[in-house]
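Chemist: Got start.cif for you, mmCIF, C-alpha atoms:
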```cif
data_input
#
loop_
_atom_site.label_atom_id
_atom_site.label_comp_id
_atom_site.auth_asym_id
_atom_site.auth_seq_id
_atom_site.Cartn_x
_atom_site.Cartn_y
_atom_site.Cartn_z
CA MET A 1 -9.10 37.41 83.51
CA PHE A 2 -8.50 39.52 80.38
CA LYS A 3 -5.20 40.28 78.68
CA THR A 4 -4.15 42.04 75.50
CA VAL A 5 -0.97 41.12 73.64
CA ASP A 6 0.11 43.73 71.12
CA ALA A 7 2.27 41.81 68.65
CA ARG A 8 2.03 44.33 65.82
CA GLY A 9 5.37 44.91 64.14
CA LEU A 10 6.80 41.70 65.58
CA SER A 11 7.95 38.71 63.51
CA CYS A 12 7.43 35.09 64.45
CA PRO A 13 8.17 33.40 66.73
CA VAL A 14 7.79 36.46 69.03
CA PRO A 15 3.95 36.81 68.76
CA VAL A 16 3.59 33.08 69.55
CA ILE A 17 5.94 33.27 72.52
CA LYS A 18 4.20 36.35 73.95
CA THR A 19 0.76 34.77 73.53
CA LYS A 20 1.97 31.53 75.10
CA ALA A 21 3.25 33.45 78.13
CA ALA A 22 -0.13 35.18 78.52
CA LEU A 23 -2.04 31.89 78.28
CA ASP A 24 0.35 30.04 80.60
CA ASN A 25 -0.22 32.69 83.27
CA MET A 26 -4.00 32.33 83.48
CA SER A 27 -6.21 29.40 84.44
CA THR A 28 -9.28 30.77 82.63
CA GLY A 29 -9.94 33.97 80.71
CA THR A 30 -9.52 35.76 77.41
CA VAL A 31 -6.41 36.86 75.54
CA VAL A 32 -6.76 39.31 72.66
CA VAL A 33 -3.75 39.33 70.33
CA LEU A 34 -3.19 42.21 67.90
CA ILE A 35 -1.24 41.09 64.85
CA ASP A 36 -0.30 42.65 61.53
CA GLU A 37 0.87 39.69 59.49
CA GLU A 38 -0.84 36.55 58.23
CA VAL A 39 1.89 34.15 59.30
CA ALA A 40 1.59 35.34 62.91
CA ARG A 41 -2.21 35.03 62.70
CA GLU A 42 -1.90 31.40 61.58
CA ASN A 43 0.80 30.57 64.10
CA VAL A 44 -1.04 32.15 67.05
CA SER A 45 -4.23 30.29 66.02
CA ARG A 46 -2.32 27.00 65.98
CA LEU A 47 -0.93 27.76 69.44
CA ALA A 48 -4.41 28.48 70.82
CA HIS A 49 -5.88 25.30 69.32
CA SER A 50 -3.02 23.22 70.72
CA ALA A 51 -3.76 24.68 74.16
CA GLY A 52 -7.40 23.60 73.80
CA CYS A 53 -8.71 27.18 73.53
CA SER A 54 -11.37 28.57 71.21
CA VAL A 55 -10.20 31.12 68.63
CA THR A 56 -11.94 33.83 66.64
CA VAL A 57 -10.16 36.09 64.16
CA GLU A 58 -11.40 39.50 63.05
CA ALA A 59 -9.68 41.36 60.24
CA GLU A 60 -9.53 45.15 60.50
CA ALA A 61 -7.73 46.93 57.65
CA ASP A 62 -4.26 45.35 57.53
CA GLU A 63 -4.48 44.06 61.08
CA PHE A 64 -5.96 41.03 62.80
CA LYS A 65 -7.56 40.75 66.20
CA VAL A 66 -7.27 37.18 67.46
CA THR A 67 -9.49 36.46 70.46
CA ILE A 68 -8.53 33.37 72.43
CA VAL A 69 -10.80 32.02 75.13
CA LYS A 70 -9.34 29.66 77.69
CA ASP A 71 -12.04 27.89 79.66
CA GLY A 72 -9.68 25.83 81.78
CA VAL A 73 -11.33 22.53 80.81
CA ALA A 74 -8.76 21.36 78.24
CA MET B 1 30.57 33.26 71.69
CA ASP B 2 29.76 36.89 72.43
CA VAL B 3 27.64 37.65 69.40
CA ASP B 4 24.16 36.11 69.04
CA LEU B 5 23.11 36.52 65.41
CA PHE B 6 19.52 35.67 66.32
CA THR B 7 19.17 39.04 68.05
CA LEU B 8 19.01 40.55 64.54
CA ASP B 9 15.53 40.54 63.09
CA CYS B 10 15.40 38.60 59.82
CA GLU B 11 13.91 35.65 57.98
CA CYS B 12 15.86 32.50 58.53
CA GLY B 13 18.01 30.49 56.20
CA CYS B 14 16.35 28.96 53.20
CA ALA B 15 13.01 30.16 54.60
CA ALA B 16 13.96 33.55 53.16
CA LYS B 17 13.59 32.27 49.59
CA ILE B 18 11.14 33.85 47.16
CA PRO B 19 8.22 31.36 46.93
CA PRO B 20 8.55 28.93 43.98
CA ASP B 21 5.32 29.89 42.23
CA ARG B 22 6.35 33.54 42.23
CA LEU B 23 9.81 32.59 41.01
CA ARG B 24 8.33 30.57 38.16
CA ASN B 25 6.16 33.53 37.14
CA ILE B 26 9.20 35.78 37.10
CA LEU B 27 11.14 33.35 34.88
CA THR B 28 8.23 32.65 32.54
CA GLY B 29 8.53 34.51 29.25
CA LEU B 30 12.16 35.51 29.73
CA ASP B 31 14.13 34.92 26.57
CA LEU B 32 17.01 32.91 28.00
CA PRO B 33 20.16 32.44 25.89
CA GLN B 34 20.36 28.86 24.63
CA SER B 35 23.26 26.53 23.92
CA PRO B 36 23.48 22.86 22.96
CA ALA B 37 25.94 22.47 25.83
CA LEU B 38 23.34 23.54 28.39
CA LEU B 39 21.99 20.28 29.83
CA VAL B 40 20.16 21.53 32.94
CA GLY B 41 18.97 25.15 33.05
CA PRO B 42 16.54 27.15 35.19
CA GLU B 43 13.37 25.55 33.73
CA THR B 44 13.26 22.43 35.92
CA LEU B 45 14.10 24.35 39.13
CA ASP B 46 16.90 21.87 39.70
CA ASP B 47 19.60 22.24 42.36
CA ALA B 48 22.34 23.45 40.04
CA GLY B 49 22.98 24.19 36.40
CA ILE B 50 24.81 21.69 34.17
CA TYR B 51 26.94 22.69 31.20
CA LYS B 52 28.71 20.13 29.04
CA ILE B 53 32.41 20.88 28.56
CA SER B 54 33.53 17.65 26.89
CA ASP B 55 32.15 14.26 25.86
CA THR B 56 32.78 12.91 29.33
CA GLU B 57 32.49 15.88 31.68
CA CYS B 58 30.10 18.65 32.66
CA LEU B 59 30.43 21.83 34.69
CA VAL B 60 28.09 22.12 37.72
CA GLN B 61 27.36 25.64 38.98
CA THR B 62 25.27 26.94 41.84
CA VAL B 63 24.89 29.89 44.18
CA ASP B 64 23.08 30.02 47.50
CA PHE B 65 23.13 32.51 50.38
CA PHE B 66 20.84 33.39 53.28
CA PRO B 67 20.48 35.27 56.58
CA PRO B 68 21.78 33.72 59.84
CA VAL B 69 20.51 30.25 60.77
CA ALA B 70 22.56 29.84 63.95
CA ARG B 71 23.47 32.05 66.88
CA ALA B 72 27.23 31.56 66.55
CA PRO B 73 28.91 33.14 63.52
CA TYR B 74 31.29 30.19 63.09
CA VAL B 75 28.41 27.67 62.96
CA TYR B 76 26.47 29.91 60.59
CA GLY B 77 29.47 29.93 58.24
CA GLN B 78 29.76 26.14 58.39
CA ILE B 79 26.07 25.67 57.62
CA ALA B 80 26.05 28.22 54.79
CA ALA B 81 29.00 26.45 53.15
CA ALA B 82 27.55 22.95 53.61
CA ASN B 83 24.30 24.20 52.10
CA SER B 84 25.98 25.77 49.06
CA LEU B 85 28.14 22.70 48.41
CA SER B 86 25.08 20.48 48.67
CA ASP B 87 23.66 21.64 45.34
CA VAL B 88 26.75 20.30 43.58
CA TYR B 89 26.55 17.00 45.46
CA ALA B 90 22.86 16.69 44.59
CA MET B 91 23.80 16.63 40.90
CA GLY B 92 26.38 13.88 41.45
CA GLY B 93 29.20 16.40 41.14
CA LYS B 94 32.51 17.05 42.84
CA PRO B 95 32.95 20.65 44.02
CA LEU B 96 36.23 22.30 43.00
CA THR B 97 36.06 26.06 43.62
CA ALA B 98 33.96 28.52 45.58
CA MET B 99 33.35 32.28 45.71
CA ALA B 100 31.94 33.93 48.82
CA VAL B 101 28.80 36.09 48.65
CA VAL B 102 28.73 38.45 51.62
CA CYS B 103 26.23 41.04 52.83
CA PHE B 104 27.29 42.49 56.16
CA PRO B 105 26.21 45.29 58.52
CA THR B 106 29.56 46.91 59.21
CA LYS B 107 28.02 49.45 61.62
CA GLN B 108 26.23 46.94 63.87
CA LEU B 109 28.75 44.09 63.85
CA GLY B 110 32.52 44.06 64.12
CA PRO B 111 34.85 42.58 61.51
CA GLU B 112 35.70 39.70 63.85
CA VAL B 113 32.14 38.41 63.38
CA LEU B 114 32.55 38.17 59.63
CA LYS B 115 35.93 36.56 60.15
CA GLU B 116 34.29 33.85 62.28
CA ILE B 117 31.62 33.27 59.61
CA MET B 118 34.38 32.95 57.01
CA ARG B 119 36.37 30.60 59.25
CA GLY B 120 33.37 28.29 59.54
CA ALA B 121 32.86 28.30 55.78
CA VAL B 122 36.53 27.73 55.03
CA ASP B 123 36.69 24.77 57.42
CA LYS B 124 33.80 23.16 55.52
CA LEU B 125 35.43 23.92 52.17
CA ARG B 126 38.59 22.20 53.39
CA GLU B 127 36.54 19.14 54.40
CA ALA B 128 35.06 19.18 50.88
CA ASN B 129 38.49 19.56 49.19
CA THR B 130 37.26 22.78 47.62
CA VAL B 131 39.28 25.99 47.32
CA LEU B 132 38.05 29.54 47.89
CA LEU B 133 38.89 31.68 44.87
CA GLY B 134 37.53 34.96 46.17
CA GLY B 135 34.18 36.60 46.60
CA HIS B 136 32.24 39.82 46.82
CA SER B 137 31.03 41.77 49.83
CA ILE B 138 28.59 44.64 50.25
CA ILE B 139 27.34 46.60 53.24
CA ASP B 140 23.78 45.59 54.12
CA PRO B 141 21.74 46.05 57.32
CA GLN B 142 20.83 42.32 57.28
CA PRO B 143 23.76 39.90 57.22
CA LYS B 144 23.67 37.25 54.54
CA TYR B 145 26.31 34.72 53.64
CA GLY B 146 26.77 31.95 51.13
CA LEU B 147 28.88 30.63 48.32
CA SER B 148 28.80 30.23 44.61
CA VAL B 149 30.27 26.79 44.00
CA THR B 150 31.62 25.32 40.77
CA GLY B 151 32.19 21.62 40.36
CA ILE B 152 32.57 18.92 37.81
CA VAL B 153 30.56 15.80 37.10
CA GLU B 154 31.31 12.86 34.85
CA THR B 155 28.47 12.70 32.36
CA ASN B 156 27.68 9.08 33.20
CA ARG B 157 27.37 9.92 36.92
CA LEU B 158 25.16 12.96 36.37
CA ILE B 159 22.15 12.94 38.69
CA ASP B 160 19.28 15.37 38.12
CA ASN B 161 15.72 15.56 39.39
CA ALA B 162 14.14 14.30 36.15
CA HIS B 163 15.03 10.59 36.14
CA ALA B 164 13.14 9.04 39.05
CA ARG B 165 11.54 5.79 37.85
CA PRO B 166 8.51 3.90 39.15
CA GLY B 167 9.73 1.28 41.60
CA ASP B 168 12.61 3.39 42.95
CA LEU B 169 12.70 3.73 46.72
CA LEU B 170 13.00 7.24 48.14
CA ILE B 171 15.72 7.64 50.74
CA LEU B 172 16.12 10.79 52.84
CA THR B 173 19.59 11.30 54.31
CA LYS B 174 19.00 13.90 57.07
CA PRO B 175 16.20 14.42 59.60
CA LEU B 176 13.52 17.03 58.85
CA GLY B 177 12.60 20.03 60.96
CA THR B 178 15.45 22.56 60.82
CA GLY B 179 13.05 25.46 60.11
CA ILE B 180 10.87 24.61 63.10
CA THR B 181 13.89 24.06 65.33
CA ILE B 182 15.36 27.45 64.40
CA MET B 183 12.04 29.06 65.41
CA ALA B 184 12.09 27.14 68.69
CA VAL B 185 15.67 28.27 69.35
CA LYS B 186 14.69 31.88 68.64
CA GLY B 187 11.70 31.47 70.95
CA GLY B 188 13.87 30.07 73.75
CA LEU B 189 12.06 26.69 73.74
CA ALA B 190 14.78 24.37 72.41
CA THR B 191 17.27 22.74 74.74
CA LYS B 192 21.00 23.15 74.11
CA GLU B 193 21.08 19.53 72.92
CA GLN B 194 18.23 20.05 70.46
CA GLU B 195 19.88 23.20 69.11
CA ALA B 196 23.27 21.50 68.82
CA GLU B 197 21.84 18.47 67.00
CA ALA B 198 20.03 20.67 64.46
CA ASN B 199 23.24 22.64 63.91
CA ARG B 200 25.24 19.44 63.50
CA CYS B 201 22.82 18.12 60.89
CA MET B 202 22.73 21.40 58.95
CA ALA B 203 26.54 21.61 58.98
CA SER B 204 26.98 18.01 57.75
CA LEU B 205 28.13 17.74 54.15
CA ASN B 206 26.02 15.73 51.72
CA ALA B 207 29.26 14.47 50.14
CA ARG B 208 29.06 10.87 51.38
CA ALA B 209 25.37 10.56 50.58
CA ALA B 210 26.06 11.73 47.03
CA LEU B 211 28.94 9.30 46.66
CA LEU B 212 26.70 6.44 47.80
CA ALA B 213 24.02 7.57 45.35
CA GLY B 214 26.51 7.42 42.48
CA ASP B 215 27.82 4.01 43.56
CA CYS B 216 24.25 2.66 43.84
CA GLY B 217 23.26 3.64 40.30
CA VAL B 218 20.97 6.48 41.36
CA LYS B 219 19.78 8.63 38.44
CA ALA B 220 17.55 11.10 40.30
CA CYS B 221 18.17 13.03 43.46
CA THR B 222 17.55 16.47 44.94
CA ASP B 223 18.55 18.21 48.12
CA ILE B 224 15.81 19.26 50.50
CA THR B 225 16.01 22.98 51.24
CA GLY B 226 13.68 25.96 51.29
CA PHE B 227 10.68 24.42 49.52
CA GLY B 228 10.44 21.69 52.13
CA LEU B 229 10.24 17.93 51.64
CA LEU B 230 6.96 18.10 49.74
CA GLY B 231 8.00 21.04 47.55
CA HIS B 232 11.22 19.39 46.42
CA THR B 233 9.61 15.96 46.11
CA CYS B 234 6.95 17.50 43.92
CA GLN B 235 9.55 19.17 41.71
CA MET B 236 11.35 15.85 41.29
CA ALA B 237 8.14 13.96 40.56
CA GLU B 238 6.97 16.53 38.01
CA ALA B 239 10.35 16.70 36.30
CA SER B 240 10.42 12.88 36.18
CA LYS B 241 6.73 12.56 35.15
CA VAL B 242 5.99 10.14 37.99
CA ALA B 243 4.05 10.13 41.27
CA VAL B 244 5.27 9.40 44.78
CA GLU B 245 3.99 7.65 47.90
CA LEU B 246 5.45 8.84 51.21
CA ALA B 247 5.22 7.12 54.59
CA PHE B 248 5.08 9.85 57.23
CA GLY B 249 5.92 7.40 60.01
CA LYS B 250 9.27 6.63 58.40
CA VAL B 251 10.44 10.22 57.87
CA PRO B 252 13.43 10.94 60.12
CA ARG B 253 12.86 14.09 62.17
CA LEU B 254 14.66 16.23 64.73
CA ASP B 255 13.65 15.93 68.38
CA GLY B 256 10.74 18.14 69.46
CA VAL B 257 9.59 19.33 66.04
CA ILE B 258 6.04 17.93 66.06
CA GLN B 259 5.30 19.51 69.43
CA TRP B 260 6.70 22.87 68.24
CA ALA B 261 4.79 22.71 64.96
CA LYS B 262 1.60 22.14 66.93
CA MET B 263 2.41 25.29 68.93
CA GLY B 264 2.68 27.35 65.76
CA LEU B 265 6.45 27.77 65.65
CA LEU B 266 6.40 27.84 61.86
CA ALA B 267 8.36 29.96 59.41
CA GLY B 268 6.37 31.99 56.90
CA ALA B 269 7.76 29.81 54.11
CA THR B 270 5.91 26.81 55.59
CA TYR B 271 2.62 28.42 54.55
CA ALA B 272 4.02 29.51 51.17
CA ASN B 273 5.23 25.96 50.53
CA ARG B 274 1.83 24.56 51.50
CA LYS B 275 0.09 26.95 49.13
CA TYR B 276 2.48 25.98 46.34
CA VAL B 277 2.00 22.19 46.47
CA GLU B 278 -1.02 21.41 48.65
CA HIS B 279 -3.32 20.80 45.68
CA LYS B 280 -0.93 18.16 44.37
CA VAL B 281 -0.76 16.24 47.65
CA ARG B 282 -3.27 13.77 49.09
CA PHE B 283 -2.90 13.34 52.85
CA ASP B 284 -4.54 10.35 54.48
CA ASP B 285 -7.02 11.37 57.18
CA ASP B 286 -4.73 10.29 60.02
CA ILE B 287 -1.92 12.68 59.05
CA LEU B 288 -2.34 15.52 61.55
CA LEU B 289 -1.98 19.20 60.69
CA GLU B 290 1.30 19.50 62.62
CA GLU B 291 2.64 16.43 60.81
CA GLN B 292 1.73 18.01 57.48
CA ASP B 293 3.44 21.22 58.61
CA LEU B 294 6.68 19.32 59.18
CA LEU B 295 6.57 18.11 55.57
CA PHE B 296 6.20 21.74 54.39
CA ASP B 297 8.88 23.05 56.78
CA PRO B 298 11.62 24.93 54.88
CA GLN B 299 14.90 23.11 55.43
CA THR B 300 18.27 24.76 55.68
CA SER B 301 21.06 22.54 54.35
CA GLY B 302 18.74 19.53 54.38
CA GLY B 303 19.56 16.02 53.29
CA LEU B 304 19.44 14.45 49.86
CA LEU B 305 16.25 12.82 48.66
CA VAL B 306 17.54 9.91 46.61
CA ALA B 307 15.46 7.84 44.17
CA CYS B 308 17.33 4.58 44.55
CA PRO B 309 16.76 1.52 42.36
CA GLU B 310 15.03 -0.94 44.70
CA ASN B 311 17.65 -3.67 44.28
CA ASN B 312 20.43 -1.31 45.35
CA ALA B 313 18.61 0.22 48.31
CA PRO B 314 19.85 -2.37 50.85
CA GLU B 315 23.44 -1.61 49.80
CA PHE B 316 22.80 2.14 50.12
CA LEU B 317 21.35 1.76 53.61
CA ARG B 318 24.02 -0.68 54.76
CA ARG B 319 26.81 1.72 53.79
CA ALA B 320 24.86 4.77 55.00
CA ALA B 321 24.72 3.28 58.50
CA THR B 322 28.49 3.65 58.85
CA GLU B 323 29.34 6.40 56.34
CA ILE B 324 26.61 8.99 56.99
CA SER B 325 26.44 10.63 60.42
CA THR B 326 22.81 11.80 60.14
CA LYS B 327 19.58 9.76 60.37
CA CYS B 328 18.84 8.16 57.03
CA ALA B 329 15.74 6.17 56.02
CA VAL B 330 13.56 4.88 53.21
CA ILE B 331 10.54 7.21 53.33
CA GLY B 332 8.56 6.19 50.29
CA ARG B 333 8.56 5.00 46.73
CA VAL B 334 8.14 6.25 43.19
CA ILE B 335 5.02 5.06 41.36
CA ASP B 336 3.45 5.64 37.95
CA ALA B 337 1.95 9.09 37.33
CA GLN B 338 -1.59 9.27 38.74
CA GLY B 339 -3.15 12.50 37.45
CA ASP B 340 -3.49 15.61 39.62
CA LYS B 341 -2.31 14.19 42.91
CA ILE B 342 1.42 13.78 42.56
CA ILE B 343 2.18 12.83 46.15
CA ARG B 344 0.23 10.61 48.52
CA VAL B 345 1.17 10.78 52.21
CA SER B 346 0.08 8.00 54.54
CA GLU B 347 1.37 6.82 57.89
CA ALA B 348 3.06 3.76 56.37
CA CYS B 349 2.70 3.20 52.65
CA CYS B 350 5.29 0.92 51.26
CA GLU B 351 5.46 -2.77 51.68
CA GLY B 352 8.67 -4.53 50.86
CA ASP B 353 11.17 -1.99 52.19
#
```
Go ahead and express the file in the form of structure tokens.
Modeler:
Amino acid sequence: MFKTVDARGLSCPVPVIKTKAALDNMSTGTVVVLIDEEVARENVSRLAHSAGCSVTVEAEADEFKVTIVKDGVA
Amino acid sequence: MDVDLFTLDCECGCAAKIPPDRLRNILTGLDLPQSPALLVGPETLDDAGIYKISDTECLVQTVDFFPPVARAPYVYGQIAAANSLSDVYAMGGKPLTAMAVVCFPTKQLGPEVLKEIMRGAVDKLREANTVLLGGHSIIDPQPKYGLSVTGIVETNRLIDNAHARPGDLLILTKPLGTGITIMAVKGGLATKEQEAEANRCMASLNARAALLAGDCGVKACTDITGFGLLGHTCQMAEASKVAVELAFGKVPRLDGVIQWAKMGLLAGATYANRKYVEHKVRFDDDILLEEQDLLFDPQTSGGLLVACPENNAPEFLRRAATEISTKCAVIGRVIDAQGDKIIRVSEACCEGD
């Protein structure tokens, strides 16, 4: 399963809540979160780690692409 | 209540402060007017300013205001007032008068909302035996509310953040985690009970805690607000030229906050606070990231951090059990200065308390 969460322009806790909803609704798969502030990047990364997922962050201009992989093992 | 102030997009409470390092840079190099009567000015980043008006008495002045920290306007007003009054209490003072500072979006919200905010504030002022002299209001798309409070302190009961002494026990008089809880409330993850308890703690006056501090011979104290427990502890330690040991396991905290911190429900100021003091803190290996985050969490109307002479700490705690309605505990102790690391955080540090 693959989902994209566009959280650009949104302040915390909204990006975290939207990402959590996406992760909660899949057993395995990938969620890509688009973010435009550092606090949201950190918070979404913490969420993914707490859910036992792997996280990679790519910076593109003033935006971040956070890729979260849920393998269903954790 | 019809209006939910959390539907407006804004930074929360004391989390909306300008970060302390940036503030210090702004103040550095300013040629501030001096006076022999000025006892505590902006330099030590203390809770309030102190100006001597006679041989026995000093004026205590402070101002504090912030965007909504609660859904209900009445509760927001209560919390804003308790928070503003707290700076006077943290200096050992007795508040006398207050002026309201109001920024309000008159197009988006009706006048009855502001009236409810004011009613909450006035109820707290009444509880604090403090009168409202007036205030100033401007139209602003983001609501903000607070008070400038003036009080008086007897010179021999003056408490600042620069007189903590090695051996003093550190007592915190409210649970930590209001910043995280506000995020959880905004995210729809807090229960009604968790939200209500955080609101109750934020709206509690620090009046009794300050009175106890004065009675127990406390010479150093600060209130825990936007810079978080570690930020304010660091300011007190630096101003006092001492170091501090904290026992994480003893720090009172609101229900749910560790779990929410782990989920990333953190205010932006948490990261700013970490950046500001992290290099001065040594965490033991068993203090988890989310536990550290709680210690950096910006507090709104937090408790007092009291450096209590060890011999008087039992008396403080005994009276606190009946006189203070929020969780209160010894969370660490003051030690001799140790070099770069001003604060050490372990699970349980202090024997003998």
Chemist: Rounded to one decimal place, report the atom CA of His49 of chain A-atom CA of Pro13 of chain A distance in Å.
Modeler: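 Separation of atom CA of His49 of chain A and atom CA of Pro13 of chain A: 16.4 Å.
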Chemist: Do you know which residues are at most 6 Å from Val33 of chain A counting all atoms listed in the file, after dropping those on the same chain fewer than 5 positions away, and could you put them as number ranges by chain?
Modeler: A: 4-6, 65-66
Chemist: Can you work out which one of A:Val39, A:Leu47, A:Val31, A:Ala59 has the shortest atom-to-atom distance to Leu10 of chain A, counting all atoms listed in the file?
Modeler: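 Ranked by minimum distance to Leu10 of chain A, first place goes to A:Val39.
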Chemist: Can I get the residues of chain A within 9 Å of segment 250-272 of chain B, each with the closest pair of atoms and their distance in Å to one decimal, using all atoms listed in the file, sorted chain first then ascending number, as JSON lines?
Modeler:
```
{"residue": "A:Cys12", "atom": "CA", "partner": "B:Ala267", "partner_atom": "CA", "distance": 7.3}
{"residue": "A:Pro13", "atom": "CA", "partner": "B:Leu265", "partner_atom": "CA", "distance": 6.0}
{"residue": "A:Val16", "atom": "CA", "partner": "B:Gly264", "partner_atom": "CA", "distance": 6.9}
{"residue": "A:Ile17", "atom": "CA", "partner": "B:Leu265", "partner_atom": "CA", "distance": 8.8}
{"residue": "A:Lys20", "atom": "CA", "partner": "B:Met263", "partner_atom": "CA", "distance": 8.8}
{"residue": "A:Glu38", "atom": "CA", "partner": "B:Gly268", "partner_atom": "CA", "distance": 8.6}
{"residue": "A:Val39", "atom": "CA", "partner": "B:Gly268", "partner_atom": "CA", "distance": 5.5}
{"residue": "A:Ala40", "atom": "CA", "partner": "B:Gly268", "partner_atom": "CA", "distance": 8.4}
{"residue": "A:Glu42", "atom": "CA", "partner": "B:Gly264", "partner_atom": "CA", "distance": 7.4}
{"residue": "A:Asn43", "atom": "CA", "partner": "B:Gly264", "partner_atom": "CA", "distance": 4.1}
{"residue": "A:Val44", "atom": "CA", "partner": "B:Gly264", "partner_atom": "CA", "distance": 6.2}
{"residue": "A:Ser45", "atom": "CA", "partner": "B:Gly264", "partner_atom": "CA", "distance": 7.5}
{"residue": "A:Arg46", "atom": "CA", "partner": "B:Gly264", "partner_atom": "CA", "distance": 5.0}
{"residue": "A:Leu47", "atom": "CA", "partner": "B:Met263", "partner_atom": "CA", "distance": 4.2}
{"residue": "A:Ala48", "atom": "CA", "partner": "B:Met263", "partner_atom": "CA", "distance": 7.8}
{"residue": "A:His49", "atom": "CA", "partner": "B:Met263", "partner_atom": "CA", "distance": 8.3}
{"residue": "A:Ser50", "atom": "CA", "partner": "B:Lys262", "partner_atom": "CA", "distance": 6.1}
{"residue": "A:Ala51", "atom": "CA", "partner": "B:Met263", "partner_atom": "CA", "distance": 8.1}
```
Chemist: Hey, can you check how far atom CA of Glu291 of chain B sits from atom CA of Ile171 of chain B?
Modeler: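 Interatomic distance, atom CA of Glu291 of chain B to atom CA of Ile171 of chain B: 18.7 Å.
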Chemist: For the file shown, report as a list in words the outcome of the PyMOL selection byres ((chain A and resi 70) around 6) at residue level.
Modeler: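 After applying the PyMOL selection byres ((chain A and resi 70) around 6), what remains is Thr28, Gly29, Cys53, Val69, Asp71 and Gly72 of chain A.
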Chemist: I'd like the neighbourhood of Lys219 of chain B as number ranges by chain, where a residue qualifies if any of its atoms comes within 8 Å (using all atoms listed in the file), though same-chain residues fewer than 3 positions away should be ignored.
Modeler: B: 157-160, 163-164, 214, 307-308
Chemist: Could you work out how far atom CA of Leu38 of chain B lies from atom CA of Ile53 of chain B, giving the answer in Å with one decimal?
Modeler: 9.5 Å
Chemist: Expanded to explicit residues, what is the PyMOL selection byres ((chain B and resi 49) around 7) for this file, as a short mmCIF file (atom, residue, chain, number, x, y, z; two decimals) with C-alpha atoms, in the frame of the given file?
Modeler:
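What ended up in selection_10.cif:
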```
data_model
loop_
_atom_site.label_atom_id
_atom_site.label_comp_id
_atom_site.auth_asym_id
_atom_site.auth_seq_id
_atom_site.Cartn_x
_atom_site.Cartn_y
_atom_site.Cartn_z
CA VAL B 40 20.16 21.53 32.94
CA GLY B 41 18.97 25.15 33.05
CA ALA B 48 22.34 23.45 40.04
CA ILE B 50 24.81 21.69 34.17
CA TYR B 51 26.94 22.69 31.20
CA VAL B 60 28.09 22.12 37.72
CA GLN B 61 27.36 25.64 38.98
CA THR B 62 25.27 26.94 41.84
#
```
Chemist: Give the answer as one residue: which of A:Ser54, A:Arg8, A:Arg41, A:Ala22 has the shortest atom-to-atom distance to chain B, using all atoms listed in the file?
Modeler: A:Arg41
Chemist: Please evaluate the PyMOL selection byres ((chain B and resi 99-113) around 10) against the structure above and give the resulting residues as JSON, numbers by chain.
Modeler: {"B": [1, 2, 3, 5, 8, 63, 64, 65, 66, 67, 72, 73, 74, 81, 97, 98, 114, 115, 116, 117, 118, 119, 121, 122, 131, 132, 133, 134, 135, 136, 137, 138, 139, 140, 141, 142, 143, 144, 145, 146, 147, 148, 149, 150]}
